[in-house]
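Undergrad: Contents of protein-v3.csv (CSV, C-alpha atoms) are below:
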```csv
chain,number,residue,atom,x,y,z
T,1,MET,CA,-193.7,74.2,-11.8
T,2,SER,CA,-193.3,75.5,-15.4
T,3,VAL,CA,-190.0,77.1,-16.2
T,4,THR,CA,-191.9,80.2,-17.4
T,5,ASP,CA,-193.2,80.8,-13.8
T,6,LEU,CA,-191.7,83.6,-11.8
T,7,ILE,CA,-189.9,82.7,-8.6
T,8,LYS,CA,-190.4,85.0,-5.6
T,9,LEU,CA,-187.7,85.6,-3.0
T,10,GLU,CA,-187.9,87.6,0.1
T,11,PRO,CA,-184.7,89.3,1.5
T,12,ILE,CA,-183.5,87.8,4.8
T,13,GLY,CA,-181.8,91.1,5.7
T,14,VAL,CA,-179.7,93.9,4.4
T,15,VAL,CA,-176.1,94.9,3.9
T,16,LYS,CA,-174.7,97.8,5.9
T,17,THR,CA,-171.3,99.2,4.9
T,18,GLU,CA,-169.5,102.5,4.8
T,19,ALA,CA,-167.6,101.4,1.6
T,20,ILE,CA,-168.6,103.4,-1.5
T,21,GLY,CA,-167.7,103.3,-5.2
T,22,LYS,CA,-164.5,101.4,-6.0
T,23,GLU,CA,-164.0,100.5,-2.4
T,24,VAL,CA,-167.0,98.1,-2.8
T,25,ARG,CA,-165.4,96.2,-5.7
T,26,ALA,CA,-162.0,96.0,-3.9
T,27,LYS,CA,-163.5,93.3,-1.6
T,28,LYS,CA,-161.5,94.4,1.4
T,29,SER,CA,-164.0,96.4,3.4
T,30,ILE,CA,-166.0,95.4,6.4
T,31,SER,CA,-169.8,94.9,6.1
T,32,ARG,CA,-172.5,94.1,8.6
T,33,LEU,CA,-175.3,91.8,7.5
T,34,ILE,CA,-178.4,92.7,9.5
T,35,LEU,CA,-180.9,89.8,9.4
T,36,HIS,CA,-184.6,90.1,10.3
T,37,GLU,CA,-184.8,89.4,14.0
T,38,HIS,CA,-186.9,86.3,13.8
T,39,LEU,CA,-184.1,84.7,11.8
T,40,THR,CA,-181.6,85.0,14.7
T,41,PRO,CA,-181.8,81.3,15.7
T,42,ALA,CA,-181.0,80.3,12.1
T,43,LEU,CA,-177.4,81.7,12.7
T,44,ASP,CA,-176.6,79.1,15.5
T,45,GLY,CA,-173.3,77.4,14.6
T,46,LEU,CA,-172.3,79.8,11.8
T,47,GLN,CA,-169.5,81.1,14.0
T,48,ASP,CA,-167.7,77.8,13.7
T,49,PHE,CA,-167.0,78.4,10.0
T,50,SER,CA,-164.3,80.9,8.9
T,51,HIS,CA,-165.9,81.6,5.5
T,52,MET,CA,-169.2,81.6,3.8
T,53,PHE,CA,-170.9,82.6,0.6
T,54,VAL,CA,-173.2,85.6,0.8
T,55,VAL,CA,-176.0,85.4,-1.8
T,56,PHE,CA,-177.5,88.8,-2.5
T,57,TRP,CA,-179.7,90.7,-4.9
T,58,MET,CA,-177.9,93.3,-7.0
T,59,HIS,CA,-180.8,95.8,-6.7
T,60,LYS,CA,-179.2,98.5,-8.8
T,61,ILE,CA,-179.4,96.4,-12.0
T,62,SER,CA,-182.3,97.6,-14.2
T,63,ARG,CA,-184.7,95.5,-16.2
T,64,GLU,CA,-182.9,96.7,-19.3
T,65,HIS,CA,-179.5,95.6,-18.0
T,66,ARG,CA,-180.9,92.1,-17.3
T,67,GLU,CA,-181.3,91.7,-21.1
T,68,THR,CA,-177.6,92.0,-21.7
T,69,LEU,CA,-176.2,88.9,-23.5
T,70,ARG,CA,-172.5,89.8,-24.1
T,71,VAL,CA,-170.0,92.1,-22.4
T,72,HIS,CA,-166.4,93.0,-22.3
T,73,PRO,CA,-165.3,91.9,-18.8
T,74,ARG,CA,-165.3,95.1,-16.6
T,75,GLY,CA,-166.1,97.1,-19.7
T,76,ARG,CA,-162.6,96.7,-21.0
T,77,THR,CA,-162.5,96.6,-24.8
T,78,ASP,CA,-159.0,95.2,-24.7
T,79,LEU,CA,-160.5,92.0,-23.3
T,80,PRO,CA,-162.7,89.7,-25.5
T,81,LEU,CA,-166.4,90.2,-26.0
T,82,LEU,CA,-168.0,87.3,-24.1
T,83,GLY,CA,-171.3,85.8,-23.2
T,84,ILE,CA,-172.4,87.1,-19.8
T,85,PHE,CA,-172.5,83.5,-18.4
T,86,ALA,CA,-168.7,83.3,-19.1
T,87,THR,CA,-168.2,86.3,-16.8
T,88,ARG,CA,-169.2,87.5,-13.4
T,89,THR,CA,-170.7,90.8,-14.6
T,90,PRO,CA,-173.7,92.0,-12.6
T,91,LEU,CA,-175.5,92.4,-15.9
T,92,ARG,CA,-177.4,89.1,-15.9
T,93,PRO,CA,-180.9,87.9,-16.4
T,94,ASN,CA,-181.1,87.2,-12.6
T,95,PRO,CA,-178.8,89.6,-10.9
T,96,VAL,CA,-177.9,87.4,-7.9
T,97,GLY,CA,-174.5,88.0,-6.5
T,98,ILE,CA,-172.5,85.3,-4.8
T,99,THR,CA,-169.3,86.3,-2.9
T,100,LEU,CA,-167.1,84.3,-0.6
T,101,VAL,CA,-166.4,86.3,2.6
T,102,GLU,CA,-164.6,85.9,5.9
T,103,ILE,CA,-166.8,85.7,8.9
T,104,LEU,CA,-165.5,88.1,11.6
T,105,LYS,CA,-168.3,88.0,14.2
T,106,VAL,CA,-171.8,86.5,14.7
T,107,GLU,CA,-173.8,88.4,17.3
T,108,ASP,CA,-177.6,88.3,17.7
T,109,ASN,CA,-179.0,89.0,14.3
T,110,THR,CA,-175.8,90.5,12.8
T,111,VAL,CA,-172.9,88.9,11.0
T,112,THR,CA,-169.8,91.0,10.5
T,113,VAL,CA,-167.8,90.0,7.4
T,114,GLN,CA,-164.8,91.1,5.4
T,115,GLY,CA,-164.7,90.9,1.6
T,116,LEU,CA,-168.2,91.5,0.5
T,117,ASP,CA,-168.5,93.5,-2.8
T,118,ALA,CA,-172.1,94.6,-2.2
T,119,PHE,CA,-173.3,98.2,-1.8
T,120,ASP,CA,-174.9,99.6,1.4
T,121,GLY,CA,-178.6,98.7,1.4
T,122,THR,CA,-178.2,95.5,-0.7
T,123,PRO,CA,-180.9,92.9,0.1
T,124,ILE,CA,-179.5,89.6,1.3
T,125,LEU,CA,-181.0,86.4,0.0
T,126,ASP,CA,-179.0,83.6,1.7
T,127,LEU,CA,-175.9,82.7,3.7
T,128,LYS,CA,-174.1,79.4,2.9
T,129,PRO,CA,-171.1,78.2,4.9
T,130,PHE,CA,-168.1,77.4,2.8
T,131,ASP,CA,-167.9,73.7,2.4
T,132,SER,CA,-165.3,71.1,1.3
T,133,TRP,CA,-167.4,70.7,-1.9
T,134,ASP,CA,-167.1,74.3,-3.0
T,135,THR,CA,-163.6,74.1,-4.3
T,136,VAL,CA,-161.6,72.6,-7.1
T,137,ARG,CA,-157.9,71.8,-6.9
T,138,ALA,CA,-157.0,72.6,-10.5
T,139,ALA,CA,-159.6,74.7,-12.2
T,140,ARG,CA,-159.0,75.8,-15.8
T,141,ILE,CA,-159.5,79.6,-16.0
T,142,PRO,CA,-159.1,81.4,-19.4
T,143,GLU,CA,-156.2,83.7,-20.1
T,144,TRP,CA,-158.2,86.9,-20.0
T,145,ARG,CA,-159.3,86.2,-16.5
T,146,ARG,CA,-155.8,85.3,-15.2
T,147,ARG,CA,-154.6,88.5,-16.7
T,148,LEU,CA,-157.0,90.5,-14.5
T,149,ASP,CA,-155.5,88.8,-11.4
T,150,LYS,CA,-152.0,89.9,-12.3
T,151,GLU,CA,-152.9,93.5,-12.8
A,1,MET,CA,-186.1,99.1,-2.8
A,2,SER,CA,-187.3,98.2,0.7
A,3,VAL,CA,-186.0,95.0,2.1
A,4,THR,CA,-189.6,93.8,2.5
A,5,ASP,CA,-190.2,93.9,-1.2
A,6,LEU,CA,-190.4,90.6,-3.1
A,7,ILE,CA,-187.7,89.9,-5.7
A,8,LYS,CA,-188.8,88.2,-8.9
A,9,LEU,CA,-186.6,85.8,-10.8
A,10,GLU,CA,-187.2,84.1,-14.1
A,11,PRO,CA,-185.6,80.8,-14.8
A,12,ILE,CA,-183.0,80.9,-17.6
A,13,GLY,CA,-183.6,77.2,-18.4
A,14,VAL,CA,-184.1,73.8,-16.9
A,15,VAL,CA,-182.1,70.8,-15.6
A,16,LYS,CA,-182.4,67.5,-17.5
A,17,THR,CA,-181.0,64.4,-15.8
A,18,GLU,CA,-181.7,60.7,-15.5
A,19,ALA,CA,-180.5,60.6,-11.9
A,20,ILE,CA,-183.1,59.9,-9.3
A,21,GLY,CA,-183.3,59.8,-5.5
A,22,LYS,CA,-180.0,59.3,-3.8
A,23,GLU,CA,-178.1,59.4,-7.1
A,24,VAL,CA,-178.9,63.2,-7.3
A,25,ARG,CA,-177.2,63.9,-3.9
A,26,ALA,CA,-174.1,61.8,-4.8
A,27,LYS,CA,-173.1,64.6,-7.2
A,28,LYS,CA,-171.6,62.3,-9.7
A,29,SER,CA,-174.2,62.1,-12.4
A,30,ILE,CA,-174.3,63.9,-15.7
A,31,SER,CA,-176.9,66.7,-16.2
A,32,ARG,CA,-177.8,68.7,-19.2
A,33,LEU,CA,-178.7,72.4,-18.6
A,34,ILE,CA,-181.1,73.4,-21.4
A,35,LEU,CA,-181.2,77.2,-21.6
A,36,HIS,CA,-183.9,79.3,-23.3
A,37,GLU,CA,-182.8,79.6,-27.0
A,38,HIS,CA,-182.5,83.4,-27.0
A,39,LEU,CA,-179.8,83.1,-24.3
A,40,THR,CA,-177.4,81.0,-26.5
A,41,PRO,CA,-175.1,84.0,-27.2
A,42,ALA,CA,-174.7,84.5,-23.4
A,43,LEU,CA,-172.8,81.1,-23.3
A,44,ASP,CA,-169.9,82.3,-25.6
A,45,GLY,CA,-166.6,81.7,-23.8
A,46,LEU,CA,-168.0,79.5,-21.1
A,47,GLN,CA,-166.2,76.5,-22.6
A,48,ASP,CA,-162.8,78.0,-21.6
A,49,PHE,CA,-163.6,77.4,-18.0
A,50,SER,CA,-163.4,73.8,-16.5
A,51,HIS,CA,-165.8,74.6,-13.6
A,52,MET,CA,-168.7,76.8,-12.8
A,53,PHE,CA,-171.4,77.3,-10.1
A,54,VAL,CA,-174.9,76.5,-11.1
A,55,VAL,CA,-177.5,78.6,-9.3
A,56,PHE,CA,-180.9,76.9,-9.2
A,57,TRP,CA,-184.3,77.1,-7.6
A,58,MET,CA,-185.1,74.1,-5.3
A,59,HIS,CA,-188.6,73.9,-6.5
A,60,LYS,CA,-189.7,70.9,-4.3
A,61,ILE,CA,-189.3,73.0,-1.1
A,62,SER,CA,-192.7,74.0,0.2
A,63,ARG,CA,-193.6,77.4,1.8
A,64,GLU,CA,-193.7,75.6,5.2
A,65,HIS,CA,-190.2,74.2,4.7
A,66,ARG,CA,-189.0,77.7,4.0
A,67,GLU,CA,-189.9,78.7,7.6
A,68,THR,CA,-187.5,76.1,9.2
A,69,LEU,CA,-184.9,77.8,11.5
A,70,ARG,CA,-182.9,74.9,12.8
A,71,VAL,CA,-182.0,71.4,11.5
A,72,HIS,CA,-179.9,68.4,12.3
A,73,PRO,CA,-177.6,68.2,9.2
A,74,ARG,CA,-179.0,65.6,6.8
A,75,GLY,CA,-181.7,64.8,9.4
A,76,ARG,CA,-179.1,63.0,11.6
A,77,THR,CA,-179.8,63.4,15.3
A,78,ASP,CA,-176.3,62.3,16.1
A,79,LEU,CA,-175.1,65.6,14.7
A,80,PRO,CA,-175.8,68.9,16.5
A,81,LEU,CA,-179.0,70.9,16.0
A,82,LEU,CA,-177.9,74.0,14.1
A,83,GLY,CA,-179.3,77.1,12.5
A,84,ILE,CA,-180.1,76.6,8.9
A,85,PHE,CA,-177.5,79.3,7.8
A,86,ALA,CA,-174.8,77.1,9.4
A,87,THR,CA,-175.7,74.3,7.1
A,88,ARG,CA,-176.4,73.7,3.4
A,89,THR,CA,-179.9,72.2,4.0
A,90,PRO,CA,-182.4,72.9,1.2
A,91,LEU,CA,-184.8,74.0,3.9
A,92,ARG,CA,-184.1,77.8,3.8
A,93,PRO,CA,-186.1,81.0,3.5
A,94,ASN,CA,-184.9,81.3,-0.1
A,95,PRO,CA,-184.3,77.8,-1.4
A,96,VAL,CA,-181.6,78.8,-3.9
A,97,GLY,CA,-179.0,76.0,-4.5
A,98,ILE,CA,-175.4,76.7,-5.5
A,99,THR,CA,-173.3,73.8,-6.7
A,100,LEU,CA,-169.9,73.7,-8.2
A,101,VAL,CA,-169.8,71.5,-11.3
A,102,GLU,CA,-167.4,70.4,-14.0
A,103,ILE,CA,-168.3,71.7,-17.5
A,104,LEU,CA,-168.1,68.8,-20.0
A,105,LYS,CA,-169.5,70.4,-23.1
A,106,VAL,CA,-171.1,73.6,-24.3
A,107,GLU,CA,-173.2,73.2,-27.5
A,108,ASP,CA,-175.9,75.6,-28.8
A,109,ASN,CA,-178.2,76.3,-25.8
A,110,THR,CA,-177.1,73.3,-23.8
A,111,VAL,CA,-174.3,72.9,-21.2
A,112,THR,CA,-173.5,69.3,-20.2
A,113,VAL,CA,-172.1,69.1,-16.6
A,114,GLN,CA,-171.0,66.6,-14.0
A,115,GLY,CA,-171.7,66.9,-10.3
A,116,LEU,CA,-175.0,68.8,-10.1
A,117,ASP,CA,-177.2,67.7,-7.2
A,118,ALA,CA,-180.5,69.0,-8.7
A,119,PHE,CA,-183.5,67.0,-9.7
A,120,ASP,CA,-184.7,66.6,-13.3
A,121,GLY,CA,-186.9,69.6,-14.1
A,122,THR,CA,-185.2,72.0,-11.6
A,123,PRO,CA,-185.4,75.7,-12.8
A,124,ILE,CA,-181.9,77.2,-13.4
A,125,LEU,CA,-181.4,80.8,-12.3
A,126,ASP,CA,-177.8,81.6,-13.2
A,127,LEU,CA,-174.4,80.1,-14.3
A,128,LYS,CA,-171.2,81.6,-12.9
A,129,PRO,CA,-167.7,80.5,-14.0
A,130,PHE,CA,-165.5,79.4,-11.1
A,131,ASP,CA,-163.1,82.3,-10.4
A,132,SER,CA,-159.8,82.7,-8.5
A,133,TRP,CA,-161.9,84.7,-5.9
A,134,ASP,CA,-164.1,81.7,-5.1
A,135,THR,CA,-161.7,79.8,-2.9
A,136,VAL,CA,-159.9,80.0,0.4
A,137,ARG,CA,-156.6,78.3,1.1
A,138,ALA,CA,-157.3,77.4,4.7
A,139,ALA,CA,-161.0,77.5,5.6
A,140,ARG,CA,-162.1,76.5,9.1
A,141,ILE,CA,-164.9,74.0,8.9
A,142,PRO,CA,-166.5,72.6,12.1
A,143,GLU,CA,-166.0,69.0,13.3
A,144,TRP,CA,-169.5,67.8,12.5
A,145,ARG,CA,-169.0,68.8,8.8
A,146,ARG,CA,-165.5,67.2,8.5
A,147,ARG,CA,-167.0,64.0,10.0
A,148,LEU,CA,-169.5,63.8,7.1
A,149,ASP,CA,-166.6,63.9,4.6
A,150,LYS,CA,-164.9,61.0,6.2
A,151,GLU,CA,-167.9,58.7,6.2
```
In structure tokens, what does this structure look like?
TA:
Amino acid sequence: MSVTDLIKLEPIGVVKTEAIGKEVRAKKSISRLILHEHLTPALDGLQDFSHMFVVFWMHKISREHRETLRVHPRGRTDLPLLGIFATRTPLRPNPVGITLVEILKVEDNTVTVQGLDAFDGTPILDLKPFDSWDTVRAARIPEWRRRLDKE
Amino acid sequence: MSVTDLIKLEPIGVVKTEAIGKEVRAKKSISRLILHEHLTPALDGLQDFSHMFVVFWMHKISREHRETLRVHPRGRTDLPLLGIFATRTPLRPNPVGITLVEILKVEDNTVTVQGLDAFDGTPILDLKPFDSWDTVRAARIPEWRRRLDKE
């Protein structure tokens, strides 16, 4: 495959949540992930993990937004102007979101989670259980990012 | 957008590595991520993070493999038969890989990393710096998965 080829993904399901606006970003609300029914067997065993990454498509990001190269994190001009790959801004060439969530319940084709920052109606691309490989004991994180945590 | 719509992604670059076969899975080898040149400004500030997630397209997975619903982890029949969303198998409806890597160097349009389990020529979809939100202090991980770590 040439790197100029387009890659096609098909949503495995959709996010249902009552959270709106800033509640979504707060990562505290409950969401239901409703998968296509034929995928129900693919959830077997997920309930034995406490956490997983939800991979989703940030469908509100326009073609124009996908051409952004630099941003001030969260639009804050008191923070440095950075390349988008040094931030988690949704303005990215491929607006794929990845959020670590707590698994509350797995039932039929529905996974109930806490901590997802995705709007109601967001297409879901993948679910990946949180694994011992997914963490780093002592990661170096820049000052501007640590500042946001303290606020 | 309807959840039945296809989502189109365009690679931001390509993986270059000399690792082959099992060396790739060992997650110890060095890879160079060569981004499209126009994306160079989007890397500004990435060097201040020690780790990031590489999001990539597992381009060797066939359409047929994408229909898999259950697997024995790593093909091992001594481990339980599980839904693919309870594992990190590459056989998934959307074969998007996510691997946490160490950033060794950022220079022009190239990021040198250690720990990526992607073959030479793999299309890269996104780079996301490792963030305080990406980890869990006490995740519950099933027995079959902990067993693999001990081996």
Undergrad: Once you count all atoms listed in the file, which residues of chain A turn out to be within 7 Å of chain T? Could you give them as a PyMOL selection string?
TA: chain A and resi 3-11+13-14+39+41-46+48-51+69-70+82-88+94+100+123+125-129+134-135+139-142
Undergrad: The coordinates of chain A, once least-squares superposed on chain T over all sequentially paired C-alpha atoms, should be supplied as a tab-separated table (two decimals) with C-alpha atoms, keeping the file's coordinate frame.
TA:
```tsv
chain	number	residue	atom	x	y	z
A	1	MET	CA	-193.75	74.34	-11.80
A	2	SER	CA	-193.26	75.49	-15.40
A	3	VAL	CA	-189.96	77.04	-16.18
A	4	THR	CA	-191.79	80.19	-17.31
A	5	ASP	CA	-193.17	80.80	-13.88
A	6	LEU	CA	-191.71	83.65	-11.81
A	7	ILE	CA	-189.87	82.72	-8.60
A	8	LYS	CA	-190.38	85.00	-5.61
A	9	LEU	CA	-187.69	85.64	-3.05
A	10	GLU	CA	-187.85	87.62	0.14
A	11	PRO	CA	-184.76	89.24	1.48
A	12	ILE	CA	-183.55	87.77	4.79
A	13	GLY	CA	-181.87	91.08	5.74
A	14	VAL	CA	-179.77	93.91	4.45
A	15	VAL	CA	-176.10	94.87	3.92
A	16	LYS	CA	-174.70	97.78	5.97
A	17	THR	CA	-171.32	99.17	4.91
A	18	GLU	CA	-169.46	102.45	4.77
A	19	ALA	CA	-167.66	101.48	1.58
A	20	ILE	CA	-168.54	103.42	-1.49
A	21	GLY	CA	-167.73	103.31	-5.21
A	22	LYS	CA	-164.56	101.49	-6.04
A	23	GLU	CA	-163.99	100.50	-2.40
A	24	VAL	CA	-167.01	98.07	-2.72
A	25	ARG	CA	-165.38	96.18	-5.67
A	26	ALA	CA	-161.97	95.94	-3.89
A	27	LYS	CA	-163.54	93.35	-1.57
A	28	LYS	CA	-161.58	94.41	1.40
A	29	SER	CA	-164.02	96.41	3.42
A	30	ILE	CA	-166.00	95.36	6.44
A	31	SER	CA	-169.80	94.85	6.07
A	32	ARG	CA	-172.43	94.12	8.60
A	33	LEU	CA	-175.27	91.76	7.49
A	34	ILE	CA	-178.34	92.72	9.55
A	35	LEU	CA	-180.84	89.85	9.40
A	36	HIS	CA	-184.56	90.05	10.23
A	37	GLU	CA	-184.80	89.45	14.05
A	38	HIS	CA	-186.96	86.31	13.80
A	39	LEU	CA	-184.12	84.63	11.85
A	40	THR	CA	-181.54	84.94	14.72
A	41	PRO	CA	-181.87	81.23	15.68
A	42	ALA	CA	-180.99	80.28	12.06
A	43	LEU	CA	-177.43	81.72	12.70
A	44	ASP	CA	-176.56	79.17	15.50
A	45	GLY	CA	-173.31	77.42	14.59
A	46	LEU	CA	-172.34	79.77	11.83
A	47	GLN	CA	-169.48	81.10	13.96
A	48	ASP	CA	-167.65	77.73	13.67
A	49	PHE	CA	-167.02	78.39	10.04
A	50	SER	CA	-164.27	80.93	8.94
A	51	HIS	CA	-165.87	81.57	5.50
A	52	MET	CA	-169.22	81.60	3.86
A	53	PHE	CA	-170.90	82.68	0.57
A	54	VAL	CA	-173.24	85.57	0.78
A	55	VAL	CA	-176.07	85.41	-1.75
A	56	PHE	CA	-177.51	88.85	-2.51
A	57	TRP	CA	-179.79	90.69	-4.88
A	58	MET	CA	-177.97	93.32	-7.04
A	59	HIS	CA	-180.73	95.77	-6.68
A	60	LYS	CA	-179.15	98.59	-8.82
A	61	ILE	CA	-179.41	96.45	-12.00
A	62	SER	CA	-182.26	97.69	-14.14
A	63	ARG	CA	-184.68	95.48	-16.19
A	64	GLU	CA	-182.83	96.65	-19.36
A	65	HIS	CA	-179.47	95.59	-17.93
A	66	ARG	CA	-180.93	92.18	-17.26
A	67	GLU	CA	-181.37	91.66	-21.05
A	68	THR	CA	-177.59	92.05	-21.81
A	69	LEU	CA	-176.17	88.91	-23.57
A	70	ARG	CA	-172.57	89.80	-24.11
A	71	VAL	CA	-170.01	92.06	-22.34
A	72	HIS	CA	-166.39	93.01	-22.37
A	73	PRO	CA	-165.28	91.99	-18.81
A	74	ARG	CA	-165.26	95.08	-16.60
A	75	GLY	CA	-166.16	97.17	-19.68
A	76	ARG	CA	-162.58	96.76	-21.05
A	77	THR	CA	-162.48	96.57	-24.83
A	78	ASP	CA	-159.00	95.17	-24.69
A	79	LEU	CA	-160.50	91.98	-23.33
A	80	PRO	CA	-162.66	89.70	-25.51
A	81	LEU	CA	-166.41	90.19	-25.95
A	82	LEU	CA	-167.98	87.26	-24.12
A	83	GLY	CA	-171.33	85.86	-23.16
A	84	ILE	CA	-172.46	87.06	-19.82
A	85	PHE	CA	-172.48	83.43	-18.37
A	86	ALA	CA	-168.72	83.31	-19.10
A	87	THR	CA	-168.18	86.24	-16.85
A	88	ARG	CA	-169.19	87.46	-13.38
A	89	THR	CA	-170.72	90.76	-14.66
A	90	PRO	CA	-173.68	92.01	-12.59
A	91	LEU	CA	-175.51	92.43	-15.87
A	92	ARG	CA	-177.39	89.06	-15.92
A	93	PRO	CA	-180.95	87.85	-16.38
A	94	ASN	CA	-181.09	87.17	-12.63
A	95	PRO	CA	-178.76	89.62	-10.94
A	96	VAL	CA	-177.97	87.37	-7.97
A	97	GLY	CA	-174.43	87.96	-6.54
A	98	ILE	CA	-172.42	85.26	-4.78
A	99	THR	CA	-169.33	86.29	-2.88
A	100	LEU	CA	-167.09	84.37	-0.62
A	101	VAL	CA	-166.37	86.28	2.59
A	102	GLU	CA	-164.53	85.86	5.87
A	103	ILE	CA	-166.84	85.71	8.93
A	104	LEU	CA	-165.46	88.04	11.65
A	105	LYS	CA	-168.24	87.94	14.18
A	106	VAL	CA	-171.71	86.56	14.70
A	107	GLU	CA	-173.78	88.45	17.34
A	108	ASP	CA	-177.59	88.39	17.76
A	109	ASN	CA	-179.03	89.03	14.25
A	110	THR	CA	-175.87	90.50	12.83
A	111	VAL	CA	-172.92	88.84	11.00
A	112	THR	CA	-169.84	91.05	10.53
A	113	VAL	CA	-167.83	90.03	7.39
A	114	GLN	CA	-164.83	91.06	5.34
A	115	GLY	CA	-164.67	90.95	1.57
A	116	LEU	CA	-168.27	91.52	0.44
A	117	ASP	CA	-168.53	93.51	-2.80
A	118	ALA	CA	-172.15	94.69	-2.23
A	119	PHE	CA	-173.37	98.20	-1.80
A	120	ASP	CA	-174.86	99.56	1.44
A	121	GLY	CA	-178.56	98.68	1.44
A	122	THR	CA	-178.21	95.54	-0.78
A	123	PRO	CA	-180.96	92.90	0.02
A	124	ILE	CA	-179.43	89.60	1.30
A	125	LEU	CA	-181.05	86.40	0.05
A	126	ASP	CA	-179.08	83.60	1.70
A	127	LEU	CA	-175.87	82.73	3.69
A	128	LYS	CA	-174.10	79.45	2.96
A	129	PRO	CA	-171.07	78.21	4.94
A	130	PHE	CA	-168.06	77.44	2.75
A	131	ASP	CA	-167.92	73.63	2.39
A	132	SER	CA	-165.27	71.10	1.29
A	133	TRP	CA	-167.47	70.64	-1.89
A	134	ASP	CA	-167.04	74.28	-2.93
A	135	THR	CA	-163.55	74.06	-4.33
A	136	VAL	CA	-161.56	72.51	-7.12
A	137	ARG	CA	-157.88	71.70	-6.88
A	138	ALA	CA	-156.99	72.53	-10.45
A	139	ALA	CA	-159.59	74.69	-12.20
A	140	ARG	CA	-158.96	75.86	-15.77
A	141	ILE	CA	-159.53	79.57	-16.02
A	142	PRO	CA	-159.09	81.39	-19.38
A	143	GLU	CA	-156.18	83.77	-20.12
A	144	TRP	CA	-158.23	86.95	-20.07
A	145	ARG	CA	-159.35	86.18	-16.45
A	146	ARG	CA	-155.82	85.25	-15.20
A	147	ARG	CA	-154.58	88.55	-16.74
A	148	LEU	CA	-157.00	90.51	-14.50
A	149	ASP	CA	-155.49	88.83	-11.40
A	150	LYS	CA	-152.04	89.88	-12.31
A	151	GLU	CA	-152.83	93.54	-12.82
```
Undergrad: Mind giving me the straight-line distance from CA of Ile30 in chain A to CA of Thr112 in chain A in Å, one decimal?
TA: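 Separation between CA of Ile30 in chain A and CA of Thr112 in chain A: 7.1 Å.
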Undergrad: How many Å lie between CA of Ser29 in chain T and CA of Arg74 in chain T, rounded to one decimal?
TA: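 We find that CA of Ser29 in chain T and CA of Arg74 in chain T lie 20.1 Å from each other.
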Undergrad: Between CA of Lys105 in chain A and CA of Leu148 in chain T, measure the distance and give it in Å to one decimal.
TA: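 Going from CA of Lys105 in chain A over to CA of Leu148 in chain T covers 25.2 Å.
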Undergrad: For the point (-183.4, 67.3, -9.9) in the file's frame, write as a short mmCIF file (atom, residue, chain, number, x, y, z; two decimals) with C-alpha atoms, in the frame of the given file all residues with an atom no more than 8 Å away, counting only C-alpha atoms.
TA:
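Done, and the output landed in out-v2.cif:
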```cif
data_model
loop_
_atom_site.label_atom_id
_atom_site.label_comp_id
_atom_site.auth_asym_id
_atom_site.auth_seq_id
_atom_site.Cartn_x
_atom_site.Cartn_y
_atom_site.Cartn_z
CA VAL A 15 -182.10 70.80 -15.60
CA LYS A 16 -182.40 67.50 -17.50
CA THR A 17 -181.00 64.40 -15.80
CA ALA A 19 -180.50 60.60 -11.90
CA ILE A 20 -183.10 59.90 -9.30
CA VAL A 24 -178.90 63.20 -7.30
CA ASP A 117 -177.20 67.70 -7.20
CA ALA A 118 -180.50 69.00 -8.70
CA PHE A 119 -183.50 67.00 -9.70
CA ASP A 120 -184.70 66.60 -13.30
CA GLY A 121 -186.90 69.60 -14.10
CA THR A 122 -185.20 72.00 -11.60
#
```
